[in-house]
Amino acid sequence: MRESGNLGSKQPENSRRHPTHTGWRHTTNIRPRAMRVADAKAPDGRAVKLSCRHVWKVFGAGGRAYPPDPGDSSAASVDAMRQSGVIPAVVDASFDVHAGEIFVIMGLSGSGKSTLIRCLSRLIEPSAGQVMLDGQDLLAASRSDLVALRRRTMGMVFQSFGLLPHLTVLENVGFPLRMHGNARAKWEARAREMIAQVGLEGREFAYPSQLSGGQQQRVGIARSLAADPELWFLDEPFSALDPLIRRQMQDEFLRLQKMLHKTIVFITHDIAEAFRLADRVAIMRAGRIVQIGRPAEIVLTPADDYVARFVEDTPVLRVIRAADLAEPASGPLPDAEVEADAVLEQVLPRFFDGTAALRIRGEARTLRASRVFDLIRRMPSADAAMAAL
Ligand SMILES: Nc1ncnc2c1ncn2[C@@H]1O[C@H](COP(=O)(O)OP(=O)(O)OP(=O)(O)O)[C@@H](O)[C@H]1O
Ligand SMILES: [Mg+2]
């Protein structure tokens with residue numbers, strides 16, 4: 001697996017090379033040694049909230065010990081497992097999720113995304129590996145601790161909405177708080193607050209069957225946020241929605257995240273959705289994570305042909321920002337400025353009058369027109385992107 005740019009995980013080198021492979025093997029009682037990941041910091045100074053180390057999930061193993069050697073994730077070894085009739089759904093997955101980021105896991109159907117996200121909360125018991133939440137080993141948590149931890153710190157949204165049909169919107173959203181033993185006045189007030197946040201005010205007493213797909217998913221989102229989780233897991237929450245509603249929901253999701261600053265793991269099989277929402281993306285193929293990086297890093301330096309094929313369909317001009325292509329200024333800085341966050345689609349018209357370079361606002365870096373035009377010439381999807389301008 002390749003970590004793009006300098007945003008790679010910060011785990012100690014020895015843990016990356018020589019994993020402690022005793023975690024979560026059903027066949028052993030040995031507990032993994034605690035790993036010091038809690039103090040790990042992302043390059044932007046944010047703490048690592050969730051750390052996934054060498055996680056495997058092999059379905060169909062019955063009582064047999066799979067993977068036979070978690071240290072061996074070679075193609076030959078994984079193929080041999082498949083030949084023997086088991087399904088290696090997640091193969092040696094390692095990554096860190098930073099506090100407050102949107103970490104998107106993207107891959108085709110069957111690539112192992114749902115299995116991996118369920119392993120992160122132990123809804124599925126991994127076959128091997130470790131998951132650390134705030135430096136705490138989730139394996140060491142007892143069943144009841146785990147249930148409490150999930151309630152207190154984790155919110156989940158699934159593709160299939162999962163609403164209770166005989167409860168109203170208000171009751172559905174308040175349901176987790178009711179389950180935690182909150183009094184009616186308390187759960188109802190909180191549920192109304194969340195319903196307002198997702199724009200469903202006035203529909204409190206509707207039943208799920210009386211709502212559109214987008215509205216139902218809003219209820220799912222409000223419900224998952226009712227207990228104010230620190231970690232928010234979303235498994236293809238918008239896949240069932242038509243493209244227009246889907247885009248609206250993405251906008252609202254980003255707006256909510258601006259207010260709430262959750263740590264998010266978001267699953268999708270749609271690369272455009274991944275690039276639109278993600279701070280960083282992990283791309284999965286046949287159970288493996290093949291690349292992790294910021295959207296622009298993945299577009300500019302895809303790890304292999306598989307990733308490159310995804311990128312071909314990406315509106316690159318909407319993904320790459322001025323800062324992604326900026327270089328340290330070699331001469332005097334130009335007067336004309338551009339925001340670091342402006343995407344190329346916004347920047348391009350500035351070069352149409354012959355401007356050679358723009359200064360990145362507040363920085364001693366410039367964005368050269370020739371660099372942007374070179375990139376566009378190299379990108380297979382650039383023609384379509386230009387046509388869309
Ligand atoms: N309970 C199970 N028992 C056996 N095999 C399973 C089980 N759950 C998933 N699998 C297999 O594991 C692989 C990964 O499945 P998973 O549901 O994680 O994929 P996914 O990436 O979420 O796909 P999709 O985009 O279709 O939701 C598939 O080959 C699937 O058939
Ligand atoms: Mg899935």
# chains A, B, ... in the order shown; residues from 1 in each chain; ligands from 1
$ residues_around --residues "Thr153 (chain A)" --least-positions-apart "3" --cutoff "8 Å" --atoms "only C-alpha atoms" --output "list in words"
Leu149, Arg150, Asp228, Pro229, Glu230 and Leu231 of chain A
$ closest_atom_pairs --of "chain A" --to "ligand 2" --cutoff "7 Å" --atoms "only C-alpha atoms and all ligand atoms" --output "JSON lines"
{"residue": "A:Ser109", "atom": "CA", "partner": "ligand 2", "partner_atom_place_in_ligand_line": "1 (Mg)", "distance": 6.8}
{"residue": "A:Gly110", "atom": "CA", "partner": "ligand 2", "partner_atom_place_in_ligand_line": "1 (Mg)", "distance": 7.0}
{"residue": "A:Lys113", "atom": "CA", "partner": "ligand 2", "partner_atom_place_in_ligand_line": "1 (Mg)", "distance": 5.6}
{"residue": "A:Ser114", "atom": "CA", "partner": "ligand 2", "partner_atom_place_in_ligand_line": "1 (Mg)", "distance": 4.1}
{"residue": "A:Asp235", "atom": "CA", "partner": "ligand 2", "partner_atom_place_in_ligand_line": "1 (Mg)", "distance": 6.7}
$ residues_near_ligand --ligand "ligand 1" --cutoff "9 Å" --atoms "only C-alpha atoms and all ligand atoms" --output "ChimeraX atom specification"
/A:57-60,86-90,106-118,124,159,235-236,267-269,284-287
$ write_last_selection --atoms "N, CA and C atoms" --output "compact mmCIF listing (two decimals), in the first residue's frame"
# COMPACT_ATOMS: atom_id res chain seq x y z
N LYS A 57 -9.67 -9.59 7.82
CA LYS A 57 -10.89 -10.33 8.07
C LYS A 57 -11.02 -11.40 7.00
N VAL A 58 -11.01 -12.63 7.46
CA VAL A 58 -11.14 -13.76 6.54
C VAL A 58 -12.45 -14.47 6.87
N PHE A 59 -13.39 -14.43 5.92
CA PHE A 59 -14.68 -15.10 6.13
C PHE A 59 -14.58 -16.57 5.74
N GLY A 60 -15.39 -17.39 6.38
CA GLY A 60 -15.51 -18.79 5.98
C GLY A 60 -14.42 -19.68 6.53
N VAL A 86 -11.66 -19.92 1.52
CA VAL A 86 -12.04 -18.84 2.44
C VAL A 86 -12.03 -17.51 1.69
N ILE A 87 -12.64 -16.48 2.30
CA ILE A 87 -12.72 -15.18 1.63
C ILE A 87 -11.92 -14.14 2.41
N PRO A 88 -10.74 -13.79 1.91
CA PRO A 88 -10.00 -12.72 2.59
C PRO A 88 -10.62 -11.37 2.20
N ALA A 89 -11.58 -10.89 2.99
CA ALA A 89 -12.34 -9.68 2.64
C ALA A 89 -11.55 -8.41 2.96
N VAL A 90 -10.75 -8.46 4.02
CA VAL A 90 -9.85 -7.34 4.35
C VAL A 90 -8.45 -7.93 4.55
N MET A 106 -12.73 4.26 -0.40
CA MET A 106 -13.36 4.14 -1.70
C MET A 106 -12.93 2.84 -2.36
N GLY A 107 -13.83 2.17 -3.03
CA GLY A 107 -13.46 0.95 -3.75
C GLY A 107 -14.69 0.39 -4.42
N LEU A 108 -14.47 -0.52 -5.37
CA LEU A 108 -15.59 -1.12 -6.08
C LEU A 108 -16.38 -2.03 -5.16
N SER A 109 -17.56 -2.40 -5.63
CA SER A 109 -18.40 -3.32 -4.86
C SER A 109 -17.62 -4.61 -4.57
N GLY A 110 -17.68 -5.06 -3.33
CA GLY A 110 -17.00 -6.30 -2.96
C GLY A 110 -15.55 -6.13 -2.58
N SER A 111 -15.05 -4.88 -2.58
CA SER A 111 -13.62 -4.69 -2.29
C SER A 111 -13.32 -4.75 -0.79
N GLY A 112 -14.36 -4.82 0.05
CA GLY A 112 -14.12 -5.02 1.48
C GLY A 112 -14.39 -3.80 2.35
N LYS A 113 -15.02 -2.77 1.79
CA LYS A 113 -15.21 -1.50 2.51
C LYS A 113 -16.09 -1.68 3.76
N SER A 114 -17.25 -2.33 3.56
CA SER A 114 -18.18 -2.48 4.70
C SER A 114 -17.57 -3.37 5.76
N THR A 115 -16.87 -4.41 5.31
CA THR A 115 -16.24 -5.31 6.28
C THR A 115 -15.22 -4.53 7.11
N LEU A 116 -14.43 -3.70 6.43
CA LEU A 116 -13.40 -2.94 7.14
C LEU A 116 -14.03 -1.97 8.14
N ILE A 117 -15.05 -1.22 7.74
CA ILE A 117 -15.62 -0.22 8.66
C ILE A 117 -16.28 -0.92 9.85
N ARG A 118 -16.82 -2.11 9.61
CA ARG A 118 -17.42 -2.85 10.73
C ARG A 118 -16.35 -3.41 11.66
N ILE A 124 -17.93 -6.42 13.45
CA ILE A 124 -17.37 -7.68 12.95
C ILE A 124 -16.05 -7.88 13.68
N GLN A 159 -26.32 2.51 4.49
CA GLN A 159 -26.93 2.77 3.19
C GLN A 159 -28.45 2.55 3.22
N ASP A 235 -21.52 4.37 6.05
CA ASP A 235 -21.28 3.36 5.02
C ASP A 235 -22.21 3.60 3.84
N GLU A 236 -21.71 4.22 2.79
CA GLU A 236 -22.48 4.53 1.58
C GLU A 236 -23.83 5.17 1.90
N ILE A 267 -17.69 5.84 3.70
CA ILE A 267 -17.47 4.85 2.64
C ILE A 267 -18.26 5.21 1.40
N THR A 268 -17.64 5.04 0.26
CA THR A 268 -18.36 5.25 -1.00
C THR A 268 -17.71 4.41 -2.10
N HIS A 269 -18.49 4.09 -3.17
CA HIS A 269 -17.82 3.48 -4.32
C HIS A 269 -17.72 4.49 -5.45
N MET A 284 -9.42 1.06 -1.91
CA MET A 284 -9.35 -0.39 -1.67
C MET A 284 -9.55 -1.16 -2.96
N ARG A 285 -8.81 -2.26 -3.05
CA ARG A 285 -8.99 -3.18 -4.17
C ARG A 285 -8.83 -4.60 -3.64
N ALA A 286 -9.86 -5.42 -3.86
CA ALA A 286 -9.82 -6.82 -3.45
C ALA A 286 -9.28 -6.99 -2.02
N GLY A 287 -9.81 -6.20 -1.09
CA GLY A 287 -9.46 -6.35 0.31
C GLY A 287 -8.27 -5.55 0.78
$ residues_around --residues "Ala340 (chain A)" --least-positions-apart "2" --cutoff "10 Å" --atoms "only C-alpha atoms" --output "ChimeraX atom specification"
/A:321-326,337-338,342-343,359-363,365-367
$ closest_residue --among "A:Leu50, A:Asp134, A:Met259, A:Arg276" --to "Arg247 (chain A)" --atoms "only C-alpha atoms"
A:Arg276
$ select_by_dssp --residues "region 150-248 of chain A" --states "strand (DSSP E)" --output "list of chain:residue names"
A:Met154, A:Gly155, A:Met156, A:Val157, A:Phe158, A:Leu231, A:Trp232, A:Phe233, A:Leu234, A:Asp235
$ write_last_selection --atoms "N, CA and C atoms" --output "PDB file, in the first residue's frame"
ATOM      1  N   MET A 154     -19.408   6.471  19.253  1.00  0.00           N
ATOM      2  CA  MET A 154     -19.529   6.151  17.826  1.00  0.00           C
ATOM      3  C   MET A 154     -20.954   6.354  17.319  1.00  0.00           C
ATOM      4  N   GLY A 155     -21.064   6.994  16.165  1.00  0.00           N
ATOM      5  CA  GLY A 155     -22.347   7.104  15.482  1.00  0.00           C
ATOM      6  C   GLY A 155     -22.239   6.393  14.147  1.00  0.00           C
ATOM      7  N   MET A 156     -23.309   5.742  13.720  1.00  0.00           N
ATOM      8  CA  MET A 156     -23.233   4.990  12.459  1.00  0.00           C
ATOM      9  C   MET A 156     -24.422   5.285  11.567  1.00  0.00           C
ATOM     10  N   VAL A 157     -24.131   5.421  10.277  1.00  0.00           N
ATOM     11  CA  VAL A 157     -25.188   5.602   9.280  1.00  0.00           C
ATOM     12  C   VAL A 157     -24.955   4.561   8.194  1.00  0.00           C
ATOM     13  N   PHE A 158     -26.032   3.861   7.824  1.00  0.00           N
ATOM     14  CA  PHE A 158     -25.895   2.819   6.815  1.00  0.00           C
ATOM     15  C   PHE A 158     -26.679   3.180   5.569  1.00  0.00           C
ATOM     16  N   LEU A 231     -16.747   9.827  16.979  1.00  0.00           N
ATOM     17  CA  LEU A 231     -16.402   9.138  15.734  1.00  0.00           C
ATOM     18  C   LEU A 231     -17.668   8.857  14.970  1.00  0.00           C
ATOM     19  N   TRP A 232     -17.644   9.209  13.689  1.00  0.00           N
ATOM     20  CA  TRP A 232     -18.872   9.054  12.911  1.00  0.00           C
ATOM     21  C   TRP A 232     -18.560   8.152  11.728  1.00  0.00           C
ATOM     22  N   PHE A 233     -19.201   6.996  11.680  1.00  0.00           N
ATOM     23  CA  PHE A 233     -18.993   6.043  10.592  1.00  0.00           C
ATOM     24  C   PHE A 233     -20.179   6.107   9.641  1.00  0.00           C
ATOM     25  N   LEU A 234     -19.911   6.316   8.359  1.00  0.00           N
ATOM     26  CA  LEU A 234     -21.007   6.337   7.382  1.00  0.00           C
ATOM     27  C   LEU A 234     -20.669   5.379   6.243  1.00  0.00           C
ATOM     28  N   ASP A 235     -21.518   4.372   6.047  1.00  0.00           N
ATOM     29  CA  ASP A 235     -21.277   3.360   5.019  1.00  0.00           C
ATOM     30  C   ASP A 235     -22.213   3.604   3.836  1.00  0.00           C
TER      31      ASP A 235
END
$ select_by_dssp --residues "region 108-268 of chain A" --states "alpha helix (DSSP H)" --output "PyMOL selection string"
chain A and resi 113-120+143-153+169-179+184-197+213-226+243-260
$ write_last_selection --atoms "C-alpha atoms" --output "short mmCIF file (atom, residue, chain, number, x, y, z; two decimals), in the first residue's frame"
data_model
loop_
_atom_site.label_atom_id
_atom_site.label_comp_id
_atom_site.auth_asym_id
_atom_site.auth_seq_id
_atom_site.Cartn_x
_atom_site.Cartn_y
_atom_site.Cartn_z
CA LYS A 113 -15.21 -1.50 2.51
CA SER A 114 -18.18 -2.48 4.70
CA THR A 115 -16.24 -5.31 6.28
CA LEU A 116 -13.40 -2.94 7.14
CA ILE A 117 -15.62 -0.22 8.66
CA ARG A 118 -17.42 -2.85 10.73
CA CYS A 119 -14.08 -4.17 11.96
CA LEU A 120 -13.28 -0.64 13.18
CA ARG A 143 -18.27 -6.80 25.59
CA SER A 144 -20.08 -4.39 27.93
CA ASP A 145 -17.31 -1.78 27.74
CA LEU A 146 -17.48 -2.05 23.98
CA VAL A 147 -21.24 -1.50 23.92
CA ALA A 148 -20.85 1.56 26.18
CA LEU A 149 -17.97 2.86 24.06
CA ARG A 150 -19.99 2.47 20.89
CA ARG A 151 -22.94 4.31 22.42
CA ARG A 152 -20.83 7.09 23.85
CA THR A 153 -18.33 7.68 21.10
CA VAL A 169 -39.26 10.92 12.88
CA LEU A 170 -39.02 12.34 16.40
CA GLU A 171 -39.08 8.90 18.00
CA ASN A 172 -36.59 7.47 15.52
CA VAL A 173 -34.10 10.27 16.15
CA GLY A 174 -34.63 10.10 19.92
CA PHE A 175 -34.43 6.31 19.96
CA PRO A 176 -30.73 5.93 20.92
CA LEU A 177 -31.14 8.45 23.75
CA ARG A 178 -34.24 6.67 24.99
CA MET A 179 -32.28 3.44 24.96
CA ARG A 184 -38.58 12.05 27.64
CA ALA A 185 -38.03 15.81 28.00
CA LYS A 186 -34.32 15.35 27.47
CA TRP A 187 -34.39 12.99 24.47
CA GLU A 188 -37.16 14.94 22.84
CA ALA A 189 -35.35 18.27 23.11
CA ARG A 190 -32.18 16.79 21.68
CA ALA A 191 -34.07 15.00 18.91
CA ARG A 192 -35.82 18.25 17.90
CA GLU A 193 -32.47 20.02 17.81
CA MET A 194 -30.98 17.37 15.51
CA ILE A 195 -34.08 17.31 13.30
CA ALA A 196 -33.71 21.07 12.83
CA GLN A 197 -30.02 20.66 11.98
CA GLY A 213 -35.32 8.65 0.34
CA GLY A 214 -33.30 11.81 0.99
CA GLN A 215 -35.52 12.74 3.93
CA GLN A 216 -35.25 9.25 5.38
CA GLN A 217 -31.49 9.43 5.19
CA ARG A 218 -31.62 12.82 6.94
CA VAL A 219 -33.45 11.07 9.77
CA GLY A 220 -30.72 8.42 9.82
CA ILE A 221 -28.09 11.14 10.01
CA ALA A 222 -29.92 13.01 12.78
CA ARG A 223 -30.32 9.77 14.74
CA SER A 224 -26.64 8.90 14.43
CA LEU A 225 -25.71 12.38 15.68
CA ALA A 226 -28.20 12.48 18.56
CA PRO A 243 -27.77 12.29 -8.26
CA LEU A 244 -29.34 15.68 -7.52
CA ILE A 245 -30.46 14.79 -3.99
CA ARG A 246 -27.16 13.08 -3.47
CA ARG A 247 -25.28 16.26 -4.23
CA GLN A 248 -27.52 18.24 -1.89
CA MET A 249 -26.87 15.71 0.86
CA GLN A 250 -23.12 15.96 0.27
CA ASP A 251 -23.35 19.75 0.65
CA GLU A 252 -25.33 19.40 3.86
CA PHE A 253 -22.94 16.81 5.15
CA LEU A 254 -20.02 19.20 4.60
CA ARG A 255 -21.98 22.03 6.23
CA LEU A 256 -22.72 19.85 9.28
CA GLN A 257 -19.10 18.80 9.56
CA LYS A 258 -17.99 22.46 9.53
CA MET A 259 -20.09 22.98 12.64
CA LEU A 260 -19.54 19.67 14.38
#
